[in-house]
Amino acid sequence: MNNKISLSIVATIFLTNSLYAIEMTDYKVIEGSYQEAYINGKLTVEDGNQDQTSYNAHTDASFKTINTSAPYSWGLNGTANSDFSKGSTKGDESEDSYDTYLNGNFDKYINNDDTFFVYGSADLGYRKQVTADKADDLFSKVGVGAGYGRMYDATPLAVAIRIVEDLKSYKIIKKPVSDAGMIALAKVIDLREEYISKHGINDYKKYWYADMEKALKSAGAIEDGVGTFGIVRINEIIDLEKISGRFHGWQARGGLGQILSNYNGESGATTAELAFGYGYPIGYQSQFTENASISKILDSNEAIDFQFKNTASYTYELSDRIDWENSWYLGVDKYNEGDDVISNSLSTGFRYYLANRLTFDTTLSLTKTDGTNGNSVETPDWSTTFFTGVRYRLK
């Protein structure tokens, strides 16, 4: 019985990937934008059989926006976390901590293609540690340099494939859609922000969906239109069945950074920076990404010598509403004096897309820190955390 189930899963994956000759890496449209934003929270309150009411609350938010054109590419990434707690023993006081981080980059392609570019970057950080009476000073850093390569956002093509598969299942599309037709549909999907800008947030969908219909007509997939039911299905796919990002290509960059102000209020040292990013969609359901960076402090009088960070992630789309997400983070802080600090974090989990942009997440994570220096706390054994909760996707 298990063998039959396994063969069925393999066959389903094979047939899905064989429906079209087109591959995700064929979508190399430069003009476009990508946005995602999430907010999450949890609260635990306990009372009875203890000295006082205790609570533990956590909120976090994150966003990412990427905008690309032939001559330019710019992006913003931000995260925010806050924790509030109070113990159950009489006299325990409330404690709070928070941290926010914002990173931005601006790339100028010299030949308006996918080769050489120059860049500028900026980082801002603000935090309050749980043991501190007040927040630290603002952290700020700027950087400049040069690089090579480009990352392409193929998410619109993934949405186009999902729409075509769905409309085929309801016999709305009865003819094969060519690769050129699929690309044309994806290009229309990619221009959502342009439709909003031109027609307004309340009316843009009727023009946007009408042009999707025109793209399918031009491809010979439909004769009259997708009809009211087809429009409803397209709307549900775009608004409710969120598709995780699909990216392909690579970028390498290097340059100099300057810490303008540190958390202790003092100006920091100059740094030499190297970074590498890689993305590859595996078939239509999977996405692998890799991001690595190293920052070398050029002032030998500083306590830290260099920092290395590496994040690898793999996402597999189990169904239209369920994603399996995996990630590995490795951080290495090399100090001129004292222990070096190595941090590892492994996580795996499932994300189920509910209605109204809600997702139900279950995540198992393993973390371990070797060495203690600066603000790090060593954990000789692996710490295991299992989390379930509901998260809201803003974009």
# chains A, B, ... in the order shown; residues from 1 in each chain; ligands from 1

$ residues_around --residues "stretch 95-102 of chain A" --least-positions-apart "3" --cutoff "12 Å" --atoms "only C-alpha atoms" --output "JSON, numbers by chain"
{"A": [54, 55, 56, 57, 58, 59, 60, 61, 62, 63, 64, 65, 75, 76, 77, 78, 79, 80, 81, 82, 83, 84, 85, 86, 87, 92, 105, 121, 122, 123, 124, 125, 126, 127, 128, 129, 130, 131, 132, 133, 134, 135, 136, 137, 138, 139, 140, 141, 142, 263]}

$ residues_around --residues "stretch 243-252 of chain A" --least-positions-apart "5" --cutoff "6 Å" --atoms "only C-alpha atoms" --output "list in words"
Gly147, Tyr148, Gly149, Arg150, Met151, Tyr152, Asp153, Ala154, Thr155, Ala275, Phe276, Gly277, Tyr278, Gly279 and Tyr280 of chain A

$ residues_around --residues "A:Tyr170" --least-positions-apart "5" --cutoff "10 Å" --atoms "only C-alpha atoms" --output "VMD selection string"
chain A and resid 165 229 to 230 233

$ residues_around --residues "A:Ser383" --least-positions-apart "3" --cutoff "12 Å" --atoms "only C-alpha atoms" --output "PDB file with C-alpha atoms, in the first residue's frame"
ATOM      1  CA  SER A 343      25.663  29.924  15.685  1.00  0.00           C
ATOM      2  CA  ASN A 344      23.579  27.268  13.941  1.00  0.00           C
ATOM      3  CA  SER A 345      19.828  27.290  13.375  1.00  0.00           C
ATOM      4  CA  LEU A 346      17.887  24.584  11.523  1.00  0.00           C
ATOM      5  CA  SER A 347      14.142  24.713  10.934  1.00  0.00           C
ATOM      6  CA  LEU A 364      10.303  22.702  14.351  1.00  0.00           C
ATOM      7  CA  SER A 365      13.600  24.496  14.963  1.00  0.00           C
ATOM      8  CA  LEU A 366      16.973  23.479  16.367  1.00  0.00           C
ATOM      9  CA  THR A 367      19.480  26.105  17.547  1.00  0.00           C
ATOM     10  CA  LYS A 368      22.982  25.888  18.974  1.00  0.00           C
ATOM     11  CA  THR A 369      25.646  28.480  19.866  1.00  0.00           C
ATOM     12  CA  GLU A 378      26.675  29.648  24.732  1.00  0.00           C
ATOM     13  CA  THR A 379      24.299  26.677  24.489  1.00  0.00           C
ATOM     14  CA  PRO A 380      26.349  23.451  24.573  1.00  0.00           C
ATOM     15  CA  PHE A 386       8.103  23.457  18.231  1.00  0.00           C
TER      16      PHE A 386
END

$ closest_residue --among "A:Asn235, A:Thr372, A:Thr115, A:Thr362" --to "A:Glu337" --atoms "only C-alpha atoms"
A:Thr372

$ closest_atom_pairs --of "stretch 53-163 of chain A" --to "stretch 316-323 of chain A" --cutoff "12 Å" --atoms "only C-alpha atoms" --output "tab-separated table"
residue	atom	partner	partner_atom	distance
A:Ala158	CA	A:Glu317	CA	11.1
A:Val159	CA	A:Asp320	CA	10.7
A:Ile161	CA	A:Asp320	CA	11.7
A:Arg162	CA	A:Asp320	CA	8.3
A:Ile163	CA	A:Asp320	CA	10.9

$ write_last_selection --atoms "N, CA and C atoms" --output "CSV table (one decimal), in the first residue's frame"
chain,number,residue,atom,x,y,z
A,158,ALA,N,4.9,31.3,-12.1
A,158,ALA,CA,4.4,30.3,-11.3
A,158,ALA,C,2.9,30.6,-11.1
A,159,VAL,N,2.5,31.8,-10.9
A,159,VAL,CA,1.0,32.2,-10.8
A,159,VAL,C,0.3,31.9,-12.1
A,161,ILE,N,1.1,29.6,-14.4
A,161,ILE,CA,0.9,28.2,-14.5
A,161,ILE,C,-0.2,27.7,-13.6
A,162,ARG,N,-0.3,28.2,-12.4
A,162,ARG,CA,-1.4,27.8,-11.5
A,162,ARG,C,-2.7,28.2,-12.1
A,163,ILE,N,-2.9,29.3,-12.6
A,163,ILE,CA,-4.1,29.8,-13.2
A,163,ILE,C,-4.5,28.9,-14.4

$ residues_around --residues "A:Ser295" --least-positions-apart "3" --cutoff "10 Å" --atoms "only C-alpha atoms" --output "number ranges by chain"
A: 254-257, 270-275, 298, 305-309, 333

$ write_last_selection --atoms "N, CA and C atoms" --output "PDB file, in the first residue's frame"
ATOM      1  N   GLY A 254      30.984  43.058  -4.083  1.00  0.00           N
ATOM      2  CA  GLY A 254      32.030  43.335  -3.106  1.00  0.00           C
ATOM      3  C   GLY A 254      32.287  44.826  -3.022  1.00  0.00           C
ATOM      4  N   GLY A 255      32.670  45.294  -1.841  1.00  0.00           N
ATOM      5  CA  GLY A 255      32.913  46.722  -1.687  1.00  0.00           C
ATOM      6  C   GLY A 255      33.352  47.052  -0.277  1.00  0.00           C
ATOM      7  N   LEU A 256      33.150  48.313   0.086  1.00  0.00           N
ATOM      8  CA  LEU A 256      33.538  48.811   1.397  1.00  0.00           C
ATOM      9  C   LEU A 256      32.313  49.299   2.150  1.00  0.00           C
ATOM     10  N   GLY A 257      32.342  49.120   3.473  1.00  0.00           N
ATOM     11  CA  GLY A 257      31.269  49.616   4.319  1.00  0.00           C
ATOM     12  C   GLY A 257      31.826  50.494   5.423  1.00  0.00           C
ATOM     13  N   THR A 270      35.743  50.865   9.399  1.00  0.00           N
ATOM     14  CA  THR A 270      35.505  50.564   7.984  1.00  0.00           C
ATOM     15  C   THR A 270      35.577  49.055   7.790  1.00  0.00           C
ATOM     16  N   THR A 271      34.744  48.546   6.898  1.00  0.00           N
ATOM     17  CA  THR A 271      34.689  47.100   6.659  1.00  0.00           C
ATOM     18  C   THR A 271      34.871  46.799   5.174  1.00  0.00           C
ATOM     19  N   ALA A 272      35.394  45.635   4.887  1.00  0.00           N
ATOM     20  CA  ALA A 272      35.440  45.097   3.529  1.00  0.00           C
ATOM     21  C   ALA A 272      34.332  44.057   3.412  1.00  0.00           C
ATOM     22  N   GLU A 273      33.501  44.167   2.371  1.00  0.00           N
ATOM     23  CA  GLU A 273      32.298  43.349   2.262  1.00  0.00           C
ATOM     24  C   GLU A 273      32.337  42.472   1.010  1.00  0.00           C
ATOM     25  N   LEU A 274      31.924  41.220   1.169  1.00  0.00           N
ATOM     26  CA  LEU A 274      31.700  40.305   0.050  1.00  0.00           C
ATOM     27  C   LEU A 274      30.359  39.614   0.269  1.00  0.00           C
ATOM     28  N   ALA A 275      29.577  39.443  -0.808  1.00  0.00           N
ATOM     29  CA  ALA A 275      28.279  38.784  -0.688  1.00  0.00           C
ATOM     30  C   ALA A 275      27.969  38.020  -1.960  1.00  0.00           C
ATOM     31  N   LEU A 298      38.403  46.317   9.149  1.00  0.00           N
ATOM     32  CA  LEU A 298      39.742  46.709   8.724  1.00  0.00           C
ATOM     33  C   LEU A 298      40.558  47.336   9.843  1.00  0.00           C
ATOM     34  N   ASP A 305      36.986  40.530  14.484  1.00  0.00           N
ATOM     35  CA  ASP A 305      37.821  40.484  13.278  1.00  0.00           C
ATOM     36  C   ASP A 305      36.939  40.431  12.020  1.00  0.00           C
ATOM     37  N   PHE A 306      36.044  39.431  11.952  1.00  0.00           N
ATOM     38  CA  PHE A 306      35.121  39.378  10.812  1.00  0.00           C
ATOM     39  C   PHE A 306      33.862  38.616  11.213  1.00  0.00           C
ATOM     40  N   GLN A 307      32.804  38.792  10.423  1.00  0.00           N
ATOM     41  CA  GLN A 307      31.541  38.083  10.590  1.00  0.00           C
ATOM     42  C   GLN A 307      31.167  37.415   9.280  1.00  0.00           C
ATOM     43  N   PHE A 308      30.791  36.147   9.378  1.00  0.00           N
ATOM     44  CA  PHE A 308      30.328  35.391   8.212  1.00  0.00           C
ATOM     45  C   PHE A 308      28.901  34.916   8.474  1.00  0.00           C
ATOM     46  N   LYS A 309      28.018  35.110   7.481  1.00  0.00           N
ATOM     47  CA  LYS A 309      26.634  34.670   7.606  1.00  0.00           C
ATOM     48  C   LYS A 309      26.239  33.894   6.352  1.00  0.00           C
ATOM     49  N   ASP A 333      31.278  34.464  14.121  1.00  0.00           N
ATOM     50  CA  ASP A 333      31.887  35.717  14.557  1.00  0.00           C
ATOM     51  C   ASP A 333      33.299  35.419  15.028  1.00  0.00           C
TER      52      ASP A 333
END

$ select_by_dssp --residues "stretch 111-214 of chain A" --states "strand (DSSP E or B)" --output "mmCIF file with N, CA and C atoms, in the first residue's frame"
data_model
loop_
_atom_site.group_PDB
_atom_site.id
_atom_site.type_symbol
_atom_site.label_atom_id
_atom_site.label_comp_id
_atom_site.auth_asym_id
_atom_site.auth_seq_id
_atom_site.Cartn_x
_atom_site.Cartn_y
_atom_site.Cartn_z
ATOM 1 N N PHE A 116 27.520 43.736 -15.267
ATOM 2 C CA PHE A 116 28.174 44.531 -14.232
ATOM 3 C C PHE A 116 27.266 45.627 -13.680
ATOM 4 N N PHE A 117 27.392 45.872 -12.380
ATOM 5 C CA PHE A 117 26.653 46.956 -11.753
ATOM 6 C C PHE A 117 27.467 47.556 -10.616
ATOM 7 N N VAL A 118 27.112 48.764 -10.253
ATOM 8 C CA VAL A 118 27.643 49.398 -9.043
ATOM 9 C C VAL A 118 26.487 49.532 -8.063
ATOM 10 N N TYR A 119 26.796 49.585 -6.780
ATOM 11 C CA TYR A 119 25.703 49.587 -5.807
ATOM 12 C C TYR A 119 25.998 50.499 -4.622
ATOM 13 N N GLY A 120 24.918 50.861 -3.965
ATOM 14 C CA GLY A 120 24.979 51.537 -2.680
ATOM 15 C C GLY A 120 24.056 50.811 -1.728
ATOM 16 N N SER A 121 24.394 50.775 -0.451
ATOM 17 C CA SER A 121 23.571 50.061 0.523
ATOM 18 C C SER A 121 23.525 50.833 1.828
ATOM 19 N N ALA A 122 22.506 50.552 2.610
ATOM 20 C CA ALA A 122 22.360 51.189 3.919
ATOM 21 C C ALA A 122 21.689 50.214 4.876
ATOM 22 N N ASP A 123 22.111 50.241 6.140
ATOM 23 C CA ASP A 123 21.542 49.399 7.197
ATOM 24 C C ASP A 123 21.228 50.276 8.397
ATOM 25 N N LEU A 124 20.063 50.014 8.992
ATOM 26 C CA LEU A 124 19.663 50.707 10.215
ATOM 27 C C LEU A 124 19.187 49.673 11.233
ATOM 28 N N GLY A 125 19.560 49.866 12.482
ATOM 29 C CA GLY A 125 19.124 48.951 13.533
ATOM 30 C C GLY A 125 18.791 49.707 14.811
ATOM 31 N N TYR A 126 17.782 49.223 15.506
ATOM 32 C CA TYR A 126 17.389 49.844 16.774
ATOM 33 C C TYR A 126 16.907 48.732 17.690
ATOM 34 N N ARG A 127 17.359 48.741 18.952
ATOM 35 C CA ARG A 127 17.028 47.618 19.821
ATOM 36 C C ARG A 127 17.024 48.034 21.298
ATOM 37 N N LYS A 128 16.337 47.231 22.062
ATOM 38 C CA LYS A 128 16.394 47.305 23.527
ATOM 39 C C LYS A 128 16.511 45.878 24.026
ATOM 40 N N PHE A 139 21.911 52.074 15.335
ATOM 41 C CA PHE A 139 22.994 51.512 14.526
ATOM 42 C C PHE A 139 22.773 51.942 13.082
ATOM 43 N N SER A 140 23.806 52.418 12.434
ATOM 44 C CA SER A 140 23.694 52.815 11.026
ATOM 45 C C SER A 140 24.986 52.479 10.286
ATOM 46 N N LYS A 141 24.815 52.042 9.064
ATOM 47 C CA LYS A 141 25.968 51.634 8.253
ATOM 48 C C LYS A 141 25.657 51.886 6.787
ATOM 49 N N VAL A 142 26.631 52.330 6.029
ATOM 50 C CA VAL A 142 26.471 52.530 4.585
ATOM 51 C C VAL A 142 27.569 51.762 3.860
ATOM 52 N N GLY A 143 27.312 51.453 2.597
ATOM 53 C CA GLY A 143 28.290 50.721 1.815
ATOM 54 C C GLY A 143 28.214 51.065 0.341
ATOM 55 N N VAL A 144 29.314 50.899 -0.359
ATOM 56 C CA VAL A 144 29.379 51.097 -1.810
ATOM 57 C C VAL A 144 30.270 50.012 -2.386
ATOM 58 N N GLY A 145 30.041 49.698 -3.669
ATOM 59 C CA GLY A 145 30.870 48.684 -4.297
ATOM 60 C C GLY A 145 30.397 48.363 -5.695
ATOM 61 N N ALA A 146 30.823 47.223 -6.195
ATOM 62 C CA ALA A 146 30.482 46.787 -7.552
ATOM 63 C C ALA A 146 30.144 45.300 -7.517
ATOM 64 N N GLY A 147 29.461 44.848 -8.563
ATOM 65 C CA GLY A 147 29.077 43.443 -8.608
ATOM 66 C C GLY A 147 28.784 42.974 -10.014
ATOM 67 N N TYR A 148 28.349 41.719 -10.092
ATOM 68 C CA TYR A 148 28.060 41.090 -11.387
ATOM 69 C C TYR A 148 26.882 40.138 -11.203
ATOM 70 N N GLY A 149 25.980 40.119 -12.185
ATOM 71 C CA GLY A 149 24.879 39.165 -12.184
ATOM 72 C C GLY A 149 23.549 39.811 -11.846
ATOM 73 N N ARG A 150 22.487 39.029 -11.987
ATOM 74 C CA ARG A 150 21.143 39.517 -11.697
ATOM 75 C C ARG A 150 20.270 38.356 -11.245
ATOM 76 N N MET A 151 19.350 38.655 -10.320
ATOM 77 C CA MET A 151 18.344 37.694 -9.884
ATOM 78 C C MET A 151 17.035 38.029 -10.580
ATOM 79 N N TYR A 152 16.409 37.010 -11.168
ATOM 80 C CA TYR A 152 15.132 37.201 -11.856
ATOM 81 C C TYR A 152 13.989 36.672 -10.989
ATOM 82 N N ASP A 153 12.910 37.432 -10.953
ATOM 83 C CA ASP A 153 11.712 37.035 -10.218
ATOM 84 C C ASP A 153 10.771 36.299 -11.174
#

$ atom_distance --atom1 "atom CA of A:Thr359" --atom2 "atom CA of A:Ile183"
29.0 Å
